[in-house]
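A.B. asks: Below you'll find work_1.cif; it's mmCIF, C-alpha atoms.
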```
data_work
loop_
_atom_site.label_atom_id
_atom_site.label_comp_id
_atom_site.auth_asym_id
_atom_site.auth_seq_id
_atom_site.Cartn_x
_atom_site.Cartn_y
_atom_site.Cartn_z
CA MET X 1 0.00 0.00 0.00
CA LEU X 2 2.86 2.37 0.85
CA GLU X 3 4.24 2.26 -2.68
CA LYS X 4 0.87 3.08 -4.21
CA MET X 5 0.31 5.88 -1.74
CA LYS X 6 3.75 7.32 -2.37
CA GLU X 7 2.98 7.42 -6.05
CA MET X 8 -0.40 9.12 -5.51
CA ILE X 9 0.95 11.67 -3.05
CA ALA X 10 3.91 12.47 -5.29
CA ASP X 11 1.58 12.92 -8.22
CA GLN X 12 -0.92 15.04 -6.32
CA LEU X 13 1.44 17.31 -4.44
CA GLY X 14 4.25 17.50 -6.95
CA VAL X 15 6.91 16.08 -4.63
CA ASP X 16 9.59 13.42 -5.11
CA ALA X 17 8.15 9.98 -4.19
CA ALA X 18 11.51 8.92 -2.73
CA THR X 19 11.20 11.53 0.04
CA ILE X 20 7.84 10.17 1.29
CA LYS X 21 7.98 7.93 4.37
CA PRO X 22 5.28 6.56 6.66
CA GLU X 23 6.00 9.29 9.20
CA THR X 24 5.81 12.08 6.62
CA ASN X 25 3.39 14.77 7.73
CA PHE X 26 1.23 16.17 4.92
CA LYS X 27 1.11 19.72 6.19
CA ASP X 28 4.49 20.15 7.88
CA ASP X 29 6.68 18.07 5.56
CA LEU X 30 4.92 18.36 2.21
CA GLY X 31 3.34 21.80 2.56
CA ALA X 32 -0.12 20.48 1.73
CA ASP X 33 -3.09 22.71 2.58
CA SER X 34 -6.59 21.54 3.38
CA LEU X 35 -7.66 21.64 -0.27
CA ASP X 36 -4.72 19.39 -1.22
CA LEU X 37 -5.81 16.93 1.45
CA PHE X 38 -9.41 16.82 0.22
CA GLU X 39 -8.11 16.14 -3.27
CA LEU X 40 -5.81 13.39 -2.04
CA ILE X 41 -8.54 11.74 -0.01
CA MET X 42 -10.86 11.67 -3.03
CA SER X 43 -8.28 9.95 -5.17
CA MET X 44 -7.56 7.42 -2.41
CA GLU X 45 -11.25 6.65 -2.10
CA GLU X 46 -11.30 5.93 -5.78
CA GLU X 47 -8.11 3.86 -5.72
CA PHE X 48 -8.95 1.75 -2.66
CA GLY X 49 -12.73 1.62 -3.05
CA VAL X 50 -13.57 3.03 0.38
CA GLU X 51 -15.55 6.02 1.59
CA ILE X 52 -13.83 8.40 3.97
CA PRO X 53 -16.25 10.76 5.76
CA THR X 54 -14.86 14.29 5.80
CA GLU X 55 -14.99 14.47 9.61
CA ASP X 56 -12.41 11.65 9.74
CA LEU X 57 -9.88 13.81 7.88
CA GLU X 58 -8.83 15.51 11.09
CA LYS X 59 -7.33 12.22 12.29
CA MET X 60 -4.99 11.97 9.31
CA ALA X 61 -1.84 14.01 9.68
CA THR X 62 0.76 11.57 8.36
CA VAL X 63 1.02 8.95 5.64
CA ASN X 64 0.95 6.29 8.35
CA ASP X 65 -2.31 7.69 9.78
CA VAL X 66 -3.95 7.19 6.39
CA MET X 67 -2.56 3.67 6.00
CA GLU X 68 -3.82 2.69 9.46
CA TYR X 69 -7.21 4.19 8.67
CA LEU X 70 -7.45 2.28 5.39
CA LYS X 71 -6.40 -0.99 7.09
CA ASN X 72 -9.15 -0.51 9.66
CA LYS X 73 -11.57 -0.06 6.80
CA GLY X 74 -10.54 -3.46 5.50
CA VAL X 75 -8.20 -2.38 2.73
CA GLU X 76 -5.58 -5.07 2.15
CA ALA X 77 -2.01 -4.07 2.95
CA MET J 1 -36.57 34.97 -12.17
CA LYS J 2 -36.61 31.83 -10.01
CA THR J 3 -33.98 29.18 -9.38
CA ARG J 4 -33.77 26.09 -7.19
CA ILE J 5 -32.16 28.27 -4.53
CA CYS J 6 -35.29 30.44 -4.26
CA ASP J 7 -37.40 27.35 -3.57
CA LEU J 8 -34.84 25.76 -1.27
CA LEU J 9 -34.52 28.83 0.92
CA GLY J 10 -37.97 30.34 0.50
CA ILE J 11 -36.68 33.64 -0.88
CA GLU J 12 -37.84 35.90 -3.69
CA TYR J 13 -34.50 36.78 -5.33
CA PRO J 14 -31.49 34.44 -5.57
CA ILE J 15 -29.22 36.87 -3.76
CA ILE J 16 -27.46 35.98 -0.53
CA GLN J 17 -25.62 38.42 1.68
CA GLY J 18 -22.22 37.20 2.84
CA GLY J 19 -21.83 36.41 6.53
CA MET J 20 -19.02 38.85 7.20
CA ALA J 21 -17.42 38.89 10.64
CA TRP J 22 -18.30 42.04 12.68
CA VAL J 23 -20.13 43.50 9.66
CA ALA J 24 -23.06 41.13 9.17
CA THR J 25 -25.14 41.87 12.25
CA TYR J 26 -28.86 41.14 12.53
CA GLU J 27 -29.65 44.69 11.35
CA LEU J 28 -28.08 44.08 7.94
CA ALA J 29 -29.22 40.46 7.71
CA THR J 30 -32.87 41.21 8.38
CA ALA J 31 -32.85 44.19 5.99
CA VAL J 32 -31.61 41.89 3.21
CA SER J 33 -34.19 39.24 4.07
CA GLU J 34 -36.98 41.83 4.20
CA ALA J 35 -35.88 43.01 0.74
CA GLY J 36 -36.37 39.50 -0.66
CA GLY J 37 -32.83 38.09 -0.50
CA LEU J 38 -31.26 35.94 2.18
CA GLY J 39 -29.61 37.87 5.01
CA ILE J 40 -26.93 36.19 7.04
CA ILE J 41 -25.58 36.95 10.50
CA GLY J 42 -21.81 36.49 10.58
CA ALA J 43 -20.48 34.69 13.65
CA GLY J 44 -16.87 35.52 12.82
CA GLY J 45 -14.85 35.17 16.00
CA ALA J 46 -17.73 36.27 18.26
CA PRO J 47 -18.76 34.39 21.42
CA ALA J 48 -21.69 31.96 21.34
CA SER J 49 -23.81 34.16 23.63
CA TRP J 50 -23.60 37.03 21.12
CA ILE J 51 -24.83 34.77 18.33
CA ARG J 52 -27.81 33.60 20.35
CA GLU J 53 -28.78 37.21 21.07
CA GLN J 54 -28.38 38.16 17.40
CA ILE J 55 -30.63 35.28 16.32
CA LYS J 56 -33.28 36.36 18.85
CA GLN J 57 -33.17 39.96 17.61
CA ALA J 58 -33.39 38.82 13.98
CA LYS J 59 -36.47 36.72 14.72
CA LYS J 60 -38.13 39.81 16.20
CA ALA J 61 -37.21 41.96 13.20
CA THR J 62 -38.39 39.67 10.38
CA ASP J 63 -40.61 36.69 9.64
CA LYS J 64 -38.62 35.96 6.51
CA PRO J 65 -35.85 33.35 6.37
CA PHE J 66 -32.37 34.37 7.44
CA GLY J 67 -29.15 32.49 8.05
CA VAL J 68 -26.06 32.35 10.23
CA ASN J 69 -22.52 31.97 8.96
CA LEU J 70 -20.35 29.84 11.21
CA MET J 71 -16.66 30.55 10.82
CA LEU J 72 -15.21 27.17 11.73
CA MET J 73 -12.04 28.57 13.26
CA ASN J 74 -14.15 30.28 15.95
CA PRO J 75 -13.02 28.86 19.34
CA GLU J 76 -16.68 28.36 20.32
CA ALA J 77 -17.68 26.79 16.99
CA ASP J 78 -19.14 23.67 18.68
CA GLN J 79 -21.46 25.75 20.88
CA ILE J 80 -22.51 28.03 18.04
CA ALA J 81 -23.29 25.00 15.85
CA GLN J 82 -25.50 23.75 18.68
CA ILE J 83 -27.28 27.10 19.03
CA ILE J 84 -28.00 27.18 15.29
CA ALA J 85 -29.72 23.80 15.62
CA GLU J 86 -31.58 24.74 18.84
CA GLU J 87 -32.85 28.01 17.44
CA LYS J 88 -33.80 26.24 14.21
CA VAL J 89 -32.17 28.90 12.08
CA LYS J 90 -33.35 28.40 8.48
CA VAL J 91 -29.94 28.32 6.84
CA VAL J 92 -26.36 27.91 7.93
CA THR J 93 -23.38 28.75 5.77
CA THR J 94 -19.91 27.77 6.87
CA GLY J 95 -16.50 29.18 6.16
CA ALA J 96 -12.82 28.48 6.74
CA GLY J 97 -12.91 24.71 6.93
CA ASN J 98 -14.84 21.48 6.85
CA PRO J 99 -18.26 21.44 8.63
CA GLY J 100 -18.67 17.64 8.18
CA LYS J 101 -19.15 16.84 11.86
CA TYR J 102 -22.13 19.22 12.27
CA VAL J 103 -24.10 18.36 9.12
CA GLN J 104 -26.13 15.53 10.68
CA MET J 105 -27.20 17.61 13.68
CA TRP J 106 -28.26 20.53 11.51
CA LYS J 107 -30.18 18.39 9.07
CA GLU J 108 -32.10 16.79 11.93
CA ALA J 109 -33.07 20.27 13.12
CA GLY J 110 -34.29 21.17 9.63
CA VAL J 111 -31.49 23.67 9.00
CA LYS J 112 -30.41 24.03 5.36
CA VAL J 113 -26.66 23.58 5.16
CA ILE J 114 -24.59 25.51 2.64
CA PRO J 115 -20.80 25.36 3.03
CA VAL J 116 -18.46 27.72 1.27
CA VAL J 117 -16.10 25.66 -0.88
CA ALA J 118 -12.90 26.69 -2.59
CA SER J 119 -12.31 23.52 -4.62
CA VAL J 120 -14.12 20.87 -6.67
CA ALA J 121 -13.04 18.02 -4.36
CA LEU J 122 -14.44 19.76 -1.29
CA ALA J 123 -17.70 20.50 -3.12
CA LYS J 124 -18.08 16.81 -4.02
CA LEU J 125 -17.29 15.65 -0.48
CA MET J 126 -19.81 18.12 0.92
CA GLU J 127 -22.50 16.99 -1.51
CA ARG J 128 -21.93 13.40 -0.46
CA GLY J 129 -22.19 14.49 3.18
CA GLY J 130 -25.74 15.64 2.46
CA VAL J 131 -25.49 19.43 2.25
CA ASP J 132 -28.22 21.34 0.38
CA ALA J 133 -26.09 23.61 -1.83
CA VAL J 134 -22.55 24.95 -1.98
CA ILE J 135 -21.14 28.44 -2.27
CA ALA J 136 -18.24 28.42 -4.73
CA GLU J 137 -16.22 31.39 -3.61
CA GLY J 138 -13.41 32.78 -5.70
CA MET J 139 -10.41 34.72 -4.44
CA GLU J 140 -11.89 38.05 -5.59
CA SER J 141 -13.89 38.12 -2.37
CA GLY J 142 -12.97 39.97 0.81
CA GLY J 143 -11.74 38.39 4.02
CA HIS J 144 -10.53 34.76 4.05
CA ILE J 145 -9.95 33.57 0.51
CA GLY J 146 -8.93 30.49 -1.46
CA LYS J 147 -6.75 30.31 -4.56
CA ALA J 148 -9.12 29.82 -7.50
CA THR J 149 -10.99 32.70 -9.12
CA THR J 150 -14.77 32.83 -9.40
CA MET J 151 -14.54 32.64 -13.20
CA THR J 152 -12.68 29.32 -13.05
CA LEU J 153 -14.15 27.76 -9.91
CA VAL J 154 -17.89 28.17 -10.50
CA PRO J 155 -18.20 26.23 -13.79
CA GLN J 156 -15.99 23.42 -12.51
CA VAL J 157 -18.00 23.06 -9.31
CA ALA J 158 -21.26 23.31 -11.27
CA ASP J 159 -20.10 20.41 -13.45
CA ALA J 160 -19.05 18.33 -10.45
CA VAL J 161 -22.19 18.45 -8.29
CA GLU J 162 -25.94 18.03 -8.74
CA ILE J 163 -26.92 20.35 -5.88
CA PRO J 164 -27.30 24.08 -6.61
CA VAL J 165 -24.17 26.21 -6.75
CA ILE J 166 -24.05 29.76 -5.43
CA ALA J 167 -21.32 31.94 -6.92
CA ALA J 168 -19.39 34.33 -4.70
CA GLY J 169 -16.40 36.59 -5.06
CA GLY J 170 -16.21 39.63 -7.30
CA ILE J 171 -19.94 40.01 -7.89
CA GLY J 172 -21.19 43.52 -7.27
CA ASP J 173 -23.86 44.34 -9.83
CA GLY J 174 -26.27 42.89 -12.37
CA ARG J 175 -23.55 42.11 -14.88
CA GLY J 176 -21.73 40.04 -12.29
CA PHE J 177 -24.98 38.30 -11.41
CA ALA J 178 -25.68 37.51 -15.07
CA ALA J 179 -22.15 36.24 -15.58
CA ALA J 180 -22.47 33.96 -12.56
CA MET J 181 -25.66 32.46 -14.02
CA MET J 182 -23.83 31.84 -17.30
CA LEU J 183 -21.11 29.99 -15.39
CA GLY J 184 -23.68 27.62 -13.94
CA ALA J 185 -24.62 29.26 -10.64
CA GLU J 186 -28.22 29.43 -9.40
CA ALA J 187 -27.67 32.31 -6.99
CA VAL J 188 -25.00 34.77 -5.99
CA GLN J 189 -23.56 35.75 -2.66
CA MET J 190 -22.43 39.34 -2.30
CA GLY J 191 -20.54 40.76 0.63
CA THR J 192 -18.83 44.02 -0.23
CA ARG J 193 -21.85 45.56 -1.98
CA PHE J 194 -23.90 45.06 1.19
CA VAL J 195 -21.24 46.57 3.47
CA THR J 196 -22.16 49.95 2.04
CA ALA J 197 -25.90 49.35 2.54
CA LYS J 198 -27.66 52.03 4.58
CA GLU J 199 -28.87 49.41 7.05
CA CYS J 200 -25.34 48.11 7.60
CA THR J 201 -24.07 49.21 11.01
CA VAL J 202 -20.35 49.43 10.20
CA HIS J 203 -18.59 52.72 10.88
CA GLU J 204 -19.15 55.35 8.19
CA ASN J 205 -15.39 55.47 7.54
CA TYR J 206 -15.46 51.80 6.54
CA LYS J 207 -18.21 52.42 4.00
CA GLN J 208 -16.42 55.47 2.63
CA LYS J 209 -13.18 53.50 2.32
CA ILE J 210 -14.99 51.02 0.03
CA ILE J 211 -16.81 53.73 -1.90
CA LYS J 212 -13.53 55.58 -2.54
CA ALA J 213 -11.57 52.42 -3.37
CA LYS J 214 -10.25 51.96 -6.89
CA ASP J 215 -9.69 48.74 -8.80
CA ILE J 216 -6.06 48.53 -7.70
CA ASP J 217 -6.61 49.10 -3.97
CA SER J 218 -7.02 45.44 -3.03
CA GLU J 219 -4.27 43.59 -1.17
CA VAL J 220 -3.84 40.08 0.26
CA THR J 221 -2.28 39.58 3.68
CA GLY J 222 -1.37 36.21 5.19
CA THR J 223 -0.39 34.36 2.02
CA ALA J 224 2.92 33.25 3.52
CA ASN J 225 1.34 31.55 6.53
CA GLY J 226 -1.45 29.85 4.62
CA HIS J 227 -4.29 32.12 5.78
CA PRO J 228 -4.74 34.62 2.96
CA ILE J 229 -7.09 37.50 3.73
CA ARG J 230 -8.18 40.15 1.23
CA VAL J 231 -8.29 43.73 2.49
CA LEU J 232 -8.12 47.27 1.14
CA ARG J 233 -4.62 48.65 1.34
CA ASN J 234 -3.67 51.15 4.03
CA GLN J 235 -0.91 51.71 6.59
CA MET J 236 -1.79 48.43 8.31
CA THR J 237 -1.39 46.31 5.17
CA LYS J 238 1.91 47.99 4.46
CA ALA J 239 3.20 47.14 7.95
CA TYR J 240 1.67 43.67 7.86
CA LEU J 241 3.16 42.71 4.51
CA LYS J 242 6.53 43.92 5.71
CA MET J 243 6.26 41.79 8.87
CA GLU J 244 5.18 38.85 6.76
CA LYS J 245 8.18 39.21 4.52
CA GLU J 246 10.45 39.28 7.54
CA GLY J 247 9.00 35.96 8.66
CA ALA J 248 6.81 36.91 11.64
CA SER J 249 5.04 33.99 13.34
CA LEU J 250 1.51 32.86 12.48
CA GLU J 251 0.27 33.84 15.96
CA GLU J 252 1.74 37.33 15.73
CA LEU J 253 0.16 37.93 12.34
CA GLU J 254 -3.22 36.34 13.08
CA LYS J 255 -3.51 38.43 16.22
CA MET J 256 -2.82 41.58 14.25
CA THR J 257 -5.65 40.97 11.75
CA LEU J 258 -8.25 39.65 14.21
CA GLY J 259 -8.12 42.73 16.43
CA SER J 260 -7.74 45.10 13.54
CA LEU J 261 -10.97 44.12 11.80
CA ARG J 262 -12.94 45.26 14.84
CA LYS J 263 -10.86 48.43 14.91
CA ALA J 264 -11.91 49.27 11.34
CA VAL J 265 -15.55 48.16 11.53
CA VAL J 266 -16.49 49.44 14.98
CA GLU J 267 -14.07 52.28 15.67
CA GLY J 268 -13.77 53.43 12.08
CA ASP J 269 -9.98 53.33 12.11
CA VAL J 270 -9.43 52.55 8.44
CA THR J 271 -5.79 53.62 8.56
CA SER J 272 -4.40 51.05 10.97
CA GLY J 273 -7.44 48.76 11.05
CA SER J 274 -8.11 45.88 8.66
CA VAL J 275 -10.65 46.88 6.00
CA MET J 276 -11.75 43.52 4.64
CA ALA J 277 -13.45 43.99 1.28
CA GLY J 278 -13.50 42.32 -2.12
CA GLN J 279 -11.79 43.25 -5.36
CA ILE J 280 -15.10 44.61 -6.61
CA SER J 281 -14.87 47.54 -4.16
CA GLY J 282 -13.85 49.83 -7.00
CA LEU J 283 -17.24 49.33 -8.65
CA ILE J 284 -19.24 50.45 -5.63
CA LYS J 285 -20.05 54.14 -5.73
CA LYS J 286 -22.70 54.95 -3.14
CA GLU J 287 -24.70 53.99 -0.08
CA GLU J 288 -28.10 52.48 -0.83
CA THR J 289 -30.74 50.52 1.01
CA CYS J 290 -30.69 46.72 0.75
CA LYS J 291 -33.88 46.90 -1.28
CA GLU J 292 -32.28 49.31 -3.77
CA ILE J 293 -29.19 47.10 -4.04
CA ILE J 294 -31.16 43.92 -4.69
CA LEU J 295 -33.46 45.54 -7.25
CA ASP J 296 -30.52 47.18 -8.99
CA VAL J 297 -28.73 43.84 -9.28
CA MET J 298 -31.81 42.03 -10.55
CA GLN J 299 -32.69 44.74 -13.07
CA GLY J 300 -29.08 45.05 -14.16
CA ALA J 301 -28.86 41.31 -14.73
CA ARG J 302 -32.05 41.31 -16.75
CA GLN J 303 -30.76 44.16 -18.89
CA ALA J 304 -27.35 42.50 -19.39
CA ILE J 305 -28.90 39.22 -20.46
CA LYS J 306 -31.40 40.97 -22.73
CA ASN J 307 -28.71 43.05 -24.45
CA SER J 308 -26.53 40.02 -24.94
CA TYR J 309 -29.41 38.01 -26.33
CA GLU J 310 -30.11 40.72 -28.93
CA GLU J 311 -26.53 40.45 -30.12
CA TRP J 312 -26.71 36.69 -30.45
CA LYS J 313 -30.02 36.44 -32.26
#
```
Output the file's structure in the form of structure tokens.

C.D. replies:
Amino acid sequence: MLEKMKEMIADQLGVDAATIKPETNFKDDLGADSLDLFELIMSMEEEFGVEIPTEDLEKMATVNDVMEYLKNKGVEA
Amino acid sequence: MKTRICDLLGIEYPIIQGGMAWVATYELATAVSEAGGLGIIGAGGAPASWIREQIKQAKKATDKPFGVNLMLMNPEADQIAQIIAEEKVKVVTTGAGNPGKYVQMWKEAGVKVIPVVASVALAKLMERGGVDAVIAEGMESGGHIGKATTMTLVPQVADAVEIPVIAAGGIGDGRGFAAAMMLGAEAVQMGTRFVTAKECTVHENYKQKIIKAKDIDSEVTGTANGHPIRVLRNQMTKAYLKMEKEGASLEELEKMTLGSLRKAVVEGDVTSGSVMAGQISGLIKKEETCKEIILDVMQGARQAIKNSYEEWK
């Protein structure tokens, strides 16, 4: 899952995929604003076939947070 | 002229007054509602008790629908959201964030929910969350702004969602209204034009600052720290932009603008206060009643569309 996410994040935010790690923070490390995050979440929903309610976004600060969230939703690692 | 927004909100004209912090008190909101548009009380950074009082006063002043704008960065946002549901306010608009966690509560109370969105993705997520309409607000507007312009944002949001889209940002007369309809909007939200309304309680200096403003007098503070705010330029913006360039902290800068809006609106200090207003300020030439403003916009739109139609026949 990490590899796919790296690719999506790199594509969405225009950053080098090699610099993205599980502990990477979207806002602090990648300079993403809230609109970037909404965009990212939508593409992840599409990719992984899950629905992420907008109120859950507050819990997702790092790449790892998103992976944990997706695992809890039953997305295969 | 009727759109889905008129039916949804129970209003005569598809014109909504922006819920501007400090500016949009019940006096302005009820005057707009009485004139056939939708007036909105702006919570801004005000305490919850003030909002409750404003809602009570508005109910006394008009039987027509009115709304409350909840600025989600307000420290008492949870309480204000609750009050809006308890008081069964007809409409809530939200700004500066994601209102997802309140939508269910408001819908159960029969409140129509209309978030301000600054991107297509947010508009889609909000629609899925069950909101009734969205306000697509471009960066021409005053106060907190996004990055996209009204011209580019409105048609993209209109294509992305089924619910009605309200255009905001840079609309100040009938031509702007007509253009917004062409872009796919079913109503407009205007802020700056209503600041200069006779019923608006802001300090006279604030109104005059807008009336005297030219097209080039608009400035954006806070871009560097991710909280861009559009204001009319003065000594404050000069000092602020200098501080920003020198790398002042978010807290320092935020504090400066929060206090300074009150300074401009209430005390009339438009030199060192923060005069939040949209890029359309240059178009606004005089004080008028809300009724005059709304009728002027509607008649102007009708004329603009009619003239254009003649040319295309």

A.B. asks: Which residues would end up in the selection if the PyMOL selection byres ((chain J and resi 154) around 10) were applied here, given that I need the answer as a PDB file with C-alpha atoms, keeping the file's coordinate frame?

C.D. replies:
```pdb
ATOM      1  CA  ALA J 118     -12.900  26.690  -2.590  1.00  0.00           C
ATOM      2  CA  SER J 119     -12.310  23.520  -4.620  1.00  0.00           C
ATOM      3  CA  VAL J 120     -14.120  20.870  -6.670  1.00  0.00           C
ATOM      4  CA  ILE J 135     -21.140  28.440  -2.270  1.00  0.00           C
ATOM      5  CA  ALA J 136     -18.240  28.420  -4.730  1.00  0.00           C
ATOM      6  CA  GLU J 137     -16.220  31.390  -3.610  1.00  0.00           C
ATOM      7  CA  GLY J 138     -13.410  32.780  -5.700  1.00  0.00           C
ATOM      8  CA  ALA J 148      -9.120  29.820  -7.500  1.00  0.00           C
ATOM      9  CA  THR J 149     -10.990  32.700  -9.120  1.00  0.00           C
ATOM     10  CA  THR J 150     -14.770  32.830  -9.400  1.00  0.00           C
ATOM     11  CA  MET J 151     -14.540  32.640 -13.200  1.00  0.00           C
ATOM     12  CA  THR J 152     -12.680  29.320 -13.050  1.00  0.00           C
ATOM     13  CA  LEU J 153     -14.150  27.760  -9.910  1.00  0.00           C
ATOM     14  CA  PRO J 155     -18.200  26.230 -13.790  1.00  0.00           C
ATOM     15  CA  GLN J 156     -15.990  23.420 -12.510  1.00  0.00           C
ATOM     16  CA  VAL J 157     -18.000  23.060  -9.310  1.00  0.00           C
ATOM     17  CA  ALA J 158     -21.260  23.310 -11.270  1.00  0.00           C
ATOM     18  CA  ASP J 159     -20.100  20.410 -13.450  1.00  0.00           C
ATOM     19  CA  ALA J 160     -19.050  18.330 -10.450  1.00  0.00           C
ATOM     20  CA  VAL J 165     -24.170  26.210  -6.750  1.00  0.00           C
ATOM     21  CA  ILE J 166     -24.050  29.760  -5.430  1.00  0.00           C
ATOM     22  CA  ALA J 167     -21.320  31.940  -6.920  1.00  0.00           C
ATOM     23  CA  ALA J 168     -19.390  34.330  -4.700  1.00  0.00           C
ATOM     24  CA  ALA J 180     -22.470  33.960 -12.560  1.00  0.00           C
ATOM     25  CA  MET J 181     -25.660  32.460 -14.020  1.00  0.00           C
ATOM     26  CA  MET J 182     -23.830  31.840 -17.300  1.00  0.00           C
ATOM     27  CA  LEU J 183     -21.110  29.990 -15.390  1.00  0.00           C
ATOM     28  CA  GLY J 184     -23.680  27.620 -13.940  1.00  0.00           C
ATOM     29  CA  ALA J 185     -24.620  29.260 -10.640  1.00  0.00           C
TER      30      ALA J 185
END
```

A.B. asks: What are the nearest atom pairs, with distances in Å to one decimal, for all residues of chain J that come at most 7 Å from chain X, using all atoms listed in the file, set out by chain and rising residue number as JSON lines?

C.D. replies:
```
{"residue": "J:Gly100", "atom": "CA", "partner": "X:Glu55", "partner_atom": "CA", "distance": 5.1}
{"residue": "J:Lys101", "atom": "CA", "partner": "X:Glu55", "partner_atom": "CA", "distance": 5.3}
{"residue": "J:Ser119", "atom": "CA", "partner": "X:Leu35", "partner_atom": "CA", "distance": 6.6}
{"residue": "J:Ala121", "atom": "CA", "partner": "X:Glu39", "partner_atom": "CA", "distance": 5.4}
{"residue": "J:Leu122", "atom": "CA", "partner": "X:Phe38", "partner_atom": "CA", "distance": 6.0}
{"residue": "J:Leu125", "atom": "CA", "partner": "X:Thr54", "partner_atom": "CA", "distance": 6.9}
```

A.B. asks: Given the selection you just returned, output its residues as a file containing C-alpha atoms, formatted as a PDB file, in the frame of the given file.

C.D. replies:
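Full text of result-v8.pdb as output:
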```pdb
ATOM      1  CA  GLY J 100     -18.670  17.640   8.180  1.00  0.00           C
ATOM      2  CA  LYS J 101     -19.150  16.840  11.860  1.00  0.00           C
ATOM      3  CA  SER J 119     -12.310  23.520  -4.620  1.00  0.00           C
ATOM      4  CA  ALA J 121     -13.040  18.020  -4.360  1.00  0.00           C
ATOM      5  CA  LEU J 122     -14.440  19.760  -1.290  1.00  0.00           C
ATOM      6  CA  LEU J 125     -17.290  15.650  -0.480  1.00  0.00           C
TER       7      LEU J 125
END
```

A.B. asks: Of the candidates J:Glu86, J:Glu108, J:Asp173, J:Glu27, which one gets nearest to Glu199 (chain J) if we count all atoms listed in the file?

C.D. replies: J:Glu27

A.B. asks: Here's the selection I'm unsure about, the PyMOL selection byres ((chain J and resi 80) around 10); applied to the file above, which residues does it give, as a PyMOL selection string?

C.D. replies: chain J and resi 43+46-52+68-72+74-79+81-86

A.B. asks: For C-alpha atoms, I'd like the residues from the last selection saved as a PDB file, keeping the file's coordinate frame.

C.D. replies:
```pdb
ATOM      1  CA  ALA J  43     -20.480  34.690  13.650  1.00  0.00           C
ATOM      2  CA  ALA J  46     -17.730  36.270  18.260  1.00  0.00           C
ATOM      3  CA  PRO J  47     -18.760  34.390  21.420  1.00  0.00           C
ATOM      4  CA  ALA J  48     -21.690  31.960  21.340  1.00  0.00           C
ATOM      5  CA  SER J  49     -23.810  34.160  23.630  1.00  0.00           C
ATOM      6  CA  TRP J  50     -23.600  37.030  21.120  1.00  0.00           C
ATOM      7  CA  ILE J  51     -24.830  34.770  18.330  1.00  0.00           C
ATOM      8  CA  ARG J  52     -27.810  33.600  20.350  1.00  0.00           C
ATOM      9  CA  VAL J  68     -26.060  32.350  10.230  1.00  0.00           C
ATOM     10  CA  ASN J  69     -22.520  31.970   8.960  1.00  0.00           C
ATOM     11  CA  LEU J  70     -20.350  29.840  11.210  1.00  0.00           C
ATOM     12  CA  MET J  71     -16.660  30.550  10.820  1.00  0.00           C
ATOM     13  CA  LEU J  72     -15.210  27.170  11.730  1.00  0.00           C
ATOM     14  CA  ASN J  74     -14.150  30.280  15.950  1.00  0.00           C
ATOM     15  CA  PRO J  75     -13.020  28.860  19.340  1.00  0.00           C
ATOM     16  CA  GLU J  76     -16.680  28.360  20.320  1.00  0.00           C
ATOM     17  CA  ALA J  77     -17.680  26.790  16.990  1.00  0.00           C
ATOM     18  CA  ASP J  78     -19.140  23.670  18.680  1.00  0.00           C
ATOM     19  CA  GLN J  79     -21.460  25.750  20.880  1.00  0.00           C
ATOM     20  CA  ALA J  81     -23.290  25.000  15.850  1.00  0.00           C
ATOM     21  CA  GLN J  82     -25.500  23.750  18.680  1.00  0.00           C
ATOM     22  CA  ILE J  83     -27.280  27.100  19.030  1.00  0.00           C
ATOM     23  CA  ILE J  84     -28.000  27.180  15.290  1.00  0.00           C
ATOM     24  CA  ALA J  85     -29.720  23.800  15.620  1.00  0.00           C
ATOM     25  CA  GLU J  86     -31.580  24.740  18.840  1.00  0.00           C
TER      26      GLU J  86
END
```

A.B. asks: Interatomic distance between CA of Glu287 (chain J) and CA of His203 (chain J)?

C.D. replies: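 Computed distance, CA of Glu287 (chain J) to CA of His203 (chain J), equals 12.6 Å.
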
A.B. asks: Given 3 Å of margin on each side, can you work out the centre and size in Å (one decimal) of an axis-aligned box holding every listed atom of region 132-138 of chain J, as AutoDock Vina command-line options?

C.D. replies:
```
--center_x -20.8 --center_y 27.1 --center_z -2.7 --size_x 20.8 --size_y 17.4 --size_z 12.1
```

A.B. asks: Quote the spacing between CA of Glu186 (chain J) and CA of Arg230 (chain J) in Å to one decimal place.

C.D. replies: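 Atom-to-atom, CA of Glu186 (chain J) to CA of Arg230 (chain J), that is 25.1 Å.
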
A.B. asks: So which one's closest to Ala18 (chain X), X:Glu3, X:Glu76, X:Glu68, X:Glu47? Using only C-alpha atoms, please.

C.D. replies: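 Result for the nearest residue to Ala18 (chain X): X:Glu3.
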
A.B. asks: Between X:Lys71, X:Lys27, X:Met60, X:Phe48, which is the closest to Leu13 (chain X) once you count all atoms listed in the file?

C.D. replies: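 Among the listed residues, the smallest separation from Leu13 (chain X) belongs to X:Lys27.
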
A.B. asks: Between CA of Ser249 (chain J) and CA of Met236 (chain J), what is the distance, to one decimal in Å?

C.D. replies: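 A separation of 16.7 Å between them.
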
A.B. asks: Hey, what's within 7 Å of Ile280 (chain J) if we count only C-alpha atoms and toss same-chain stuff fewer than 2 positions away? As a list of chain:residue names, please?

C.D. replies: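 Counting only the stated atoms, we get J:Gly170, J:Ile171, J:Gly172, J:Gly278, J:Gly282, J:Leu283.
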
A.B. asks: Pull out every residue that the PyMOL selection byres ((chain J and resi 216) around 10) matches in the shown coordinates and put them as a ChimeraX atom specification.

C.D. replies: /J:213-215,217-219,232-233,279-282

A.B. asks: For each of X:Met67, X:Val75, X:Val50, X:Met1, take the minimum atom-to-atom distance to Glu23 (chain X), counting only C-alpha atoms, then give the residue where this is smallest.

C.D. replies: X:Met67
